[in-house]
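K.L.:
So that you have it, the file is my_file_38.cif, and it contains mmCIF, C-alpha atoms:
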```
data_query
#
loop_
_atom_site.label_atom_id
_atom_site.label_comp_id
_atom_site.auth_asym_id
_atom_site.auth_seq_id
_atom_site.Cartn_x
_atom_site.Cartn_y
_atom_site.Cartn_z
CA MET U 1152 -10.04 7.99 38.47
CA ILE U 1153 -9.66 5.95 35.27
CA VAL U 1154 -6.10 7.21 34.88
CA THR U 1155 -5.38 6.05 38.43
CA ILE U 1156 -6.83 2.62 37.63
CA ALA U 1157 -4.78 2.36 34.44
CA LEU U 1158 -1.60 3.37 36.26
CA GLY U 1159 -2.39 0.84 38.98
CA ILE U 1160 -2.77 -1.90 36.37
CA LEU U 1161 0.46 -0.89 34.69
CA LEU U 1162 2.36 -0.83 37.99
CA ALA U 1163 0.94 -4.23 38.94
CA VAL U 1164 2.07 -5.71 35.63
CA ALA U 1165 5.50 -4.08 35.98
CA THR U 1166 5.83 -5.53 39.48
CA VAL U 1167 4.92 -9.00 38.21
CA LEU U 1168 7.44 -8.64 35.42
CA ASP U 1169 10.16 -7.59 37.85
CA VAL U 1170 9.40 -10.65 40.00
CA ILE U 1171 9.58 -12.90 36.94
CA ALA U 1172 12.87 -11.32 35.93
CA TRP U 1173 14.36 -11.53 39.40
CA SER U 1174 13.19 -15.09 40.05
CA SER U 1175 14.82 -16.31 36.87
CA TYR U 1176 17.97 -14.26 37.38
CA SER U 1177 16.94 -11.81 34.65
CA THR U 1178 16.48 -14.62 32.14
CA VAL U 1179 12.93 -14.97 30.93
CA VAL U 1180 11.92 -17.98 28.90
CA ALA U 1181 10.20 -17.52 25.54
CA ASP U 1182 6.77 -18.48 26.91
CA ASP U 1183 7.03 -15.81 29.59
CA ARG U 1184 8.15 -13.26 27.02
CA GLN U 1185 5.06 -13.98 24.92
CA LYS U 1186 2.86 -13.61 28.01
CA ILE U 1187 4.49 -10.25 28.73
CA VAL U 1188 3.85 -9.03 25.18
CA ASP U 1189 0.25 -10.27 25.39
CA ALA U 1190 -0.29 -8.53 28.75
CA SER U 1191 1.25 -5.34 27.37
CA THR U 1192 -1.04 -5.50 24.34
CA ASN U 1193 -4.00 -5.93 26.70
CA ILE U 1194 -2.94 -2.88 28.72
CA LEU U 1195 -2.74 -0.81 25.55
CA THR U 1196 -6.12 -2.16 24.42
CA VAL U 1197 -7.80 -1.26 27.72
CA THR U 1198 -6.29 2.22 27.57
CA LEU U 1199 -7.55 2.69 24.00
CA GLU U 1200 -11.01 1.43 24.95
CA LYS U 1201 -11.07 3.95 27.79
CA LEU U 1202 -10.03 6.67 25.33
CA ALA U 1203 -12.86 5.70 22.97
CA THR U 1204 -15.42 5.80 25.78
CA ALA U 1205 -14.19 9.08 27.26
CA THR U 1206 -13.91 10.76 23.85
CA ASN U 1207 -17.40 9.65 22.90
CA ALA U 1208 -18.81 10.94 26.20
CA THR U 1209 -16.98 14.26 25.80
CA ALA U 1210 -18.32 14.63 22.25
CA PHE U 1211 -21.91 14.30 23.46
CA LYS U 1212 -21.44 16.26 26.69
CA LYS U 1213 -19.88 19.25 24.94
CA ASN U 1214 -21.76 18.81 21.65
CA LEU U 1215 -18.54 18.44 19.67
CA ASN U 1216 -19.25 15.96 16.89
CA ILE U 1217 -15.69 16.33 15.59
CA LEU U 1218 -14.57 14.24 18.57
CA LEU U 1219 -16.66 11.30 17.37
CA SER U 1220 -14.14 10.71 14.59
CA LEU U 1221 -11.41 10.38 17.23
CA SER U 1222 -13.56 7.93 19.16
CA TYR U 1223 -13.91 5.78 16.03
CA VAL U 1224 -10.14 5.70 15.60
CA PHE U 1225 -9.62 4.62 19.23
CA SER U 1226 -12.30 1.91 18.94
CA ALA U 1227 -10.84 0.56 15.70
CA VAL U 1228 -7.29 0.48 17.11
CA ALA U 1229 -8.49 -1.17 20.35
CA SER U 1230 -10.06 -3.99 18.33
CA LEU U 1231 -6.61 -5.11 17.16
CA GLN U 1232 -4.74 -7.59 19.34
CA SER U 1233 -1.22 -6.83 18.18
CA ILE U 1234 1.06 -3.96 19.09
CA ALA U 1235 2.28 -3.73 15.49
CA LEU U 1236 -1.25 -3.64 14.08
CA GLN U 1237 -2.38 -1.12 16.68
CA SER U 1238 0.57 1.10 15.81
CA SER U 1239 -0.03 0.72 12.10
CA LEU U 1240 -3.68 1.85 12.32
CA PHE U 1241 -3.14 4.46 15.04
CA CYS U 1242 -0.38 6.14 13.03
CA ALA U 1243 -1.90 5.53 9.59
CA PRO U 1244 -2.29 8.53 7.28
CA SER U 1245 -6.08 8.46 7.73
CA SER U 1246 -5.78 8.52 11.54
CA ASN U 1247 -3.12 11.21 11.34
CA ALA U 1248 -5.40 13.34 9.14
CA THR U 1249 -8.25 12.87 11.63
CA PHE U 1250 -6.15 14.15 14.53
CA HIS U 1251 -4.76 17.03 12.48
CA GLN U 1252 -8.10 18.54 11.44
CA ALA U 1253 -8.31 22.27 12.08
CA GLN U 1254 -11.18 21.79 14.58
CA ILE U 1255 -9.13 19.49 16.81
CA PRO U 1256 -7.51 21.41 19.70
CA ALA U 1257 -3.74 21.83 19.29
CA ASN U 1258 -2.91 20.05 22.55
CA VAL U 1259 -4.94 17.01 21.43
CA THR U 1260 -3.04 16.92 18.15
CA ALA U 1261 0.28 17.31 19.98
CA ASN U 1262 -0.53 14.49 22.41
CA TYR U 1263 -1.64 12.27 19.51
CA THR U 1264 1.70 12.92 17.78
CA ILE U 1265 3.60 11.94 20.93
CA SER U 1266 1.46 8.81 21.37
CA CYS U 1267 2.04 7.79 17.75
CA GLY U 1268 5.79 8.32 18.19
CA GLY U 1269 5.71 6.10 21.27
CA TYR U 1270 3.97 3.33 19.33
CA LYS U 1271 6.50 3.64 16.52
CA ALA U 1272 9.34 3.30 19.05
CA LEU U 1273 7.70 0.29 20.72
CA VAL U 1274 7.04 -1.80 17.61
CA PRO U 1275 10.72 -2.50 16.77
CA LEU U 1276 11.28 -3.77 20.33
CA VAL U 1277 8.64 -6.53 20.20
CA SER U 1278 10.50 -9.08 18.07
CA PRO U 1279 13.88 -8.61 19.78
CA PHE U 1280 12.18 -8.92 23.17
CA LEU U 1281 10.39 -12.11 22.10
CA GLY U 1282 13.69 -13.49 20.82
CA GLY U 1283 15.58 -12.61 23.98
CA GLY U 1284 17.51 -9.79 22.36
CA SER U 1285 16.21 -7.03 24.60
CA SER U 1286 15.49 -6.75 28.29
CA ILE U 1287 12.19 -6.64 30.14
CA ARG U 1288 13.11 -3.21 31.45
CA ASP U 1289 13.64 -1.76 27.95
CA PHE U 1290 10.47 -3.31 26.59
CA MET U 1291 8.33 -2.29 29.56
CA ALA U 1292 9.79 1.23 29.53
CA ALA U 1293 8.57 1.57 25.95
CA VAL U 1294 5.13 0.15 26.83
CA THR U 1295 4.91 2.51 29.81
CA SER U 1296 5.84 5.43 27.57
CA VAL U 1297 2.97 4.65 25.17
CA VAL U 1298 0.42 4.14 27.96
CA THR U 1299 1.50 7.41 29.61
CA ALA U 1300 1.24 9.27 26.29
CA LEU U 1301 -2.24 7.80 25.69
CA MET U 1302 -3.34 8.88 29.17
CA LYS U 1303 -2.10 12.41 28.50
CA LEU U 1304 -4.02 12.34 25.22
CA ASP U 1305 -7.11 11.27 27.15
CA ASN U 1306 -6.64 14.10 29.63
CA ALA U 1307 -6.29 16.62 26.78
CA ILE U 1308 -9.47 15.39 25.09
CA VAL U 1309 -11.56 15.38 28.25
CA ALA U 1310 -10.28 18.69 29.60
CA ASP U 1311 -9.77 20.97 26.62
CA PRO U 1312 -12.67 20.94 24.18
#
```
Hey, can you dump this file as structure tokens for me?
P.N.:
Amino acid sequence: MIVTIALGILLAVATVLDVIAWSSYSTVVADDRQKIVDASTNILTVTLEKLATATNATAFKKNLNILLSLSYVFSAVASLQSIALQSSLFCAPSSNATFHQAQIPANVTANYTISCGGYKALVPLVSPFLGGGSSIRDFMAAVTSVVTALMKLDNAIVADP
């Protein structure tokens, strides 16, 4: 259900962005570009908050305290209001070590690695997008890739342990 809600939000934002792009003949002014980055950051934040909540609930439901450390990572990353800062903490050596502990299921670790890779691919697109050097479609494709990877990570955490 939450995944459906998150996808609905993402599709709504993508639709709005397409309308903005079309209405301005694919030229988006700087103010609109900043609003798009801010909305994308908010989508990532909501997804991370959902991950923190679901991971915490799974830890208590299945009595797996190891998952609490993952929940702390998600909460800390969600508190940051910048894609670059979120990426930096999410993919930091300490976070990486947390997700690569022997007790963490392999599919959770694999989905974390994919999510981190998506963040790392997204970060270099933010400044060019803000400066008009990359398209809405490229930027939103990267955002969508990260959100999708985070949702798959959520599914792995909730289903597997």
K.L.:
What does the structure give for the distance between CA of Ala1310 (chain U) and CA of Ala1293 (chain U), in Å to one decimal?
P.N.:
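Taking CA of Ala1310 (chain U) and CA of Ala1293 (chain U), their separation equals 25.7 Å.
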K.L.:
Using all atoms listed in the file, can you tell me which of U:Leu1199, U:Ile1287, U:Thr1295, U:Leu1301 comes closest to Arg1184 (chain U)?
P.N.:
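Using all atoms listed in the file, Arg1184 (chain U) sits closest to U:Ile1287.
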K.L.:
Using all atoms listed in the file, which of U:Ala1205, U:Val1228, U:Leu1215, U:Leu1236 sits nearest Val1309 (chain U)?
P.N.:
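Closest to Val1309 (chain U), using all atoms listed in the file: U:Ala1205.
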K.L.:
Using the chain letters and numbers from the file, which residues does the PyMOL selection byres ((chain U and resi 1266) around 8) grab, as a list of chain:residue names?
P.N.:
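What the PyMOL selection byres ((chain U and resi 1266) around 8) grabs from the file is U:Asn1262, U:Tyr1263, U:Thr1264, U:Ile1265, U:Cys1267, U:Gly1268, U:Gly1269, U:Tyr1270, U:Val1297, U:Ala1300, U:Leu1301, U:Leu1304.
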K.L.:
Okay, now the selection with C-alpha atoms, as an mmCIF file, in the frame of the given file?
P.N.:
```cif
data_model
loop_
_atom_site.group_PDB
_atom_site.id
_atom_site.type_symbol
_atom_site.label_atom_id
_atom_site.label_comp_id
_atom_site.auth_asym_id
_atom_site.auth_seq_id
_atom_site.Cartn_x
_atom_site.Cartn_y
_atom_site.Cartn_z
ATOM 1 C CA ASN U 1262 -0.530 14.490 22.410
ATOM 2 C CA TYR U 1263 -1.640 12.270 19.510
ATOM 3 C CA THR U 1264 1.700 12.920 17.780
ATOM 4 C CA ILE U 1265 3.600 11.940 20.930
ATOM 5 C CA CYS U 1267 2.040 7.790 17.750
ATOM 6 C CA GLY U 1268 5.790 8.320 18.190
ATOM 7 C CA GLY U 1269 5.710 6.100 21.270
ATOM 8 C CA TYR U 1270 3.970 3.330 19.330
ATOM 9 C CA VAL U 1297 2.970 4.650 25.170
ATOM 10 C CA ALA U 1300 1.240 9.270 26.290
ATOM 11 C CA LEU U 1301 -2.240 7.800 25.690
ATOM 12 C CA LEU U 1304 -4.020 12.340 25.220
#
```
K.L.:
Could you name the residues that touch Ile1187 (chain U) at 9 Å or less, counting all atoms listed in the file, but leaving out those on the same chain fewer than 2 positions away, as a compact mmCIF listing (two decimals) with C-alpha atoms, in the coordinates of the input?
P.N.:
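In the end it all went to out21.txt:
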```txt
# COMPACT_ATOMS: atom_id res chain seq x y z
CA VAL U 1164 2.07 -5.71 35.63
CA LEU U 1168 7.44 -8.64 35.42
CA ASP U 1182 6.77 -18.48 26.91
CA ASP U 1183 7.03 -15.81 29.59
CA ARG U 1184 8.15 -13.26 27.02
CA GLN U 1185 5.06 -13.98 24.92
CA ASP U 1189 0.25 -10.27 25.39
CA ALA U 1190 -0.29 -8.53 28.75
CA SER U 1191 1.25 -5.34 27.37
CA THR U 1192 -1.04 -5.50 24.34
CA ILE U 1287 12.19 -6.64 30.14
CA MET U 1291 8.33 -2.29 29.56
```
K.L.:
If you apply the PyMOL selection byres ((chain U and resi 1247) around 12) to this file, what residues do you get, as a count of residues only?
P.N.:
28
K.L.:
Just give me the gap between CA of Lys1201 (chain U) and CA of Asn1306 (chain U) in Å, one decimal is fine.
P.N.:
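If I compute the distance from CA of Lys1201 (chain U) to CA of Asn1306 (chain U), I get 11.2 Å.
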K.L.:
Since the input is missing atoms, can you rebuild N, CA and C atoms for region 1275-1290 of chain U and write them as a CSV table (one decimal), keeping the file's coordinate frame?
P.N.:
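Everything below was put into part.csv:
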```csv
chain,number,residue,atom,x,y,z
U,1275,PRO,N,9.5,-1.8,17.1
U,1275,PRO,CA,10.7,-2.5,16.8
U,1275,PRO,C,11.3,-3.3,18.0
U,1276,LEU,N,10.8,-3.1,19.2
U,1276,LEU,CA,11.3,-3.8,20.3
U,1276,LEU,C,10.6,-5.1,20.6
U,1277,VAL,N,9.4,-5.3,19.9
U,1277,VAL,CA,8.6,-6.5,20.2
U,1277,VAL,C,9.4,-7.8,19.8
U,1278,SER,N,9.8,-7.9,18.5
U,1278,SER,CA,10.5,-9.1,18.1
U,1278,SER,C,11.8,-9.4,18.8
U,1279,PRO,N,12.7,-8.3,19.0
U,1279,PRO,CA,13.9,-8.6,19.8
U,1279,PRO,C,13.6,-9.1,21.2
U,1280,PHE,N,12.5,-8.5,21.8
U,1280,PHE,CA,12.2,-8.9,23.2
U,1280,PHE,C,11.7,-10.4,23.1
U,1281,LEU,N,10.9,-10.7,22.2
U,1281,LEU,CA,10.4,-12.1,22.1
U,1281,LEU,C,11.5,-13.1,21.9
U,1282,GLY,N,12.5,-12.6,21.1
U,1282,GLY,CA,13.7,-13.5,20.8
U,1282,GLY,C,14.8,-13.5,21.9
U,1283,GLY,N,14.6,-12.7,22.9
U,1283,GLY,CA,15.6,-12.6,24.0
U,1283,GLY,C,16.7,-11.6,23.7
U,1284,GLY,N,16.5,-10.8,22.7
U,1284,GLY,CA,17.5,-9.8,22.4
U,1284,GLY,C,17.4,-8.5,23.1
U,1285,SER,N,16.3,-8.3,23.8
U,1285,SER,CA,16.2,-7.0,24.6
U,1285,SER,C,15.6,-7.4,26.0
U,1286,SER,N,15.9,-6.5,26.9
U,1286,SER,CA,15.5,-6.8,28.3
U,1286,SER,C,14.0,-6.4,28.6
U,1287,ILE,N,13.5,-7.0,29.7
U,1287,ILE,CA,12.2,-6.6,30.1
U,1287,ILE,C,12.1,-5.1,30.4
U,1288,ARG,N,13.1,-4.6,31.1
U,1288,ARG,CA,13.1,-3.2,31.4
U,1288,ARG,C,13.0,-2.3,30.2
U,1289,ASP,N,13.7,-2.6,29.2
U,1289,ASP,CA,13.6,-1.8,28.0
U,1289,ASP,C,12.3,-1.9,27.3
U,1290,PHE,N,11.8,-3.1,27.2
U,1290,PHE,CA,10.5,-3.3,26.6
U,1290,PHE,C,9.4,-2.6,27.4
```
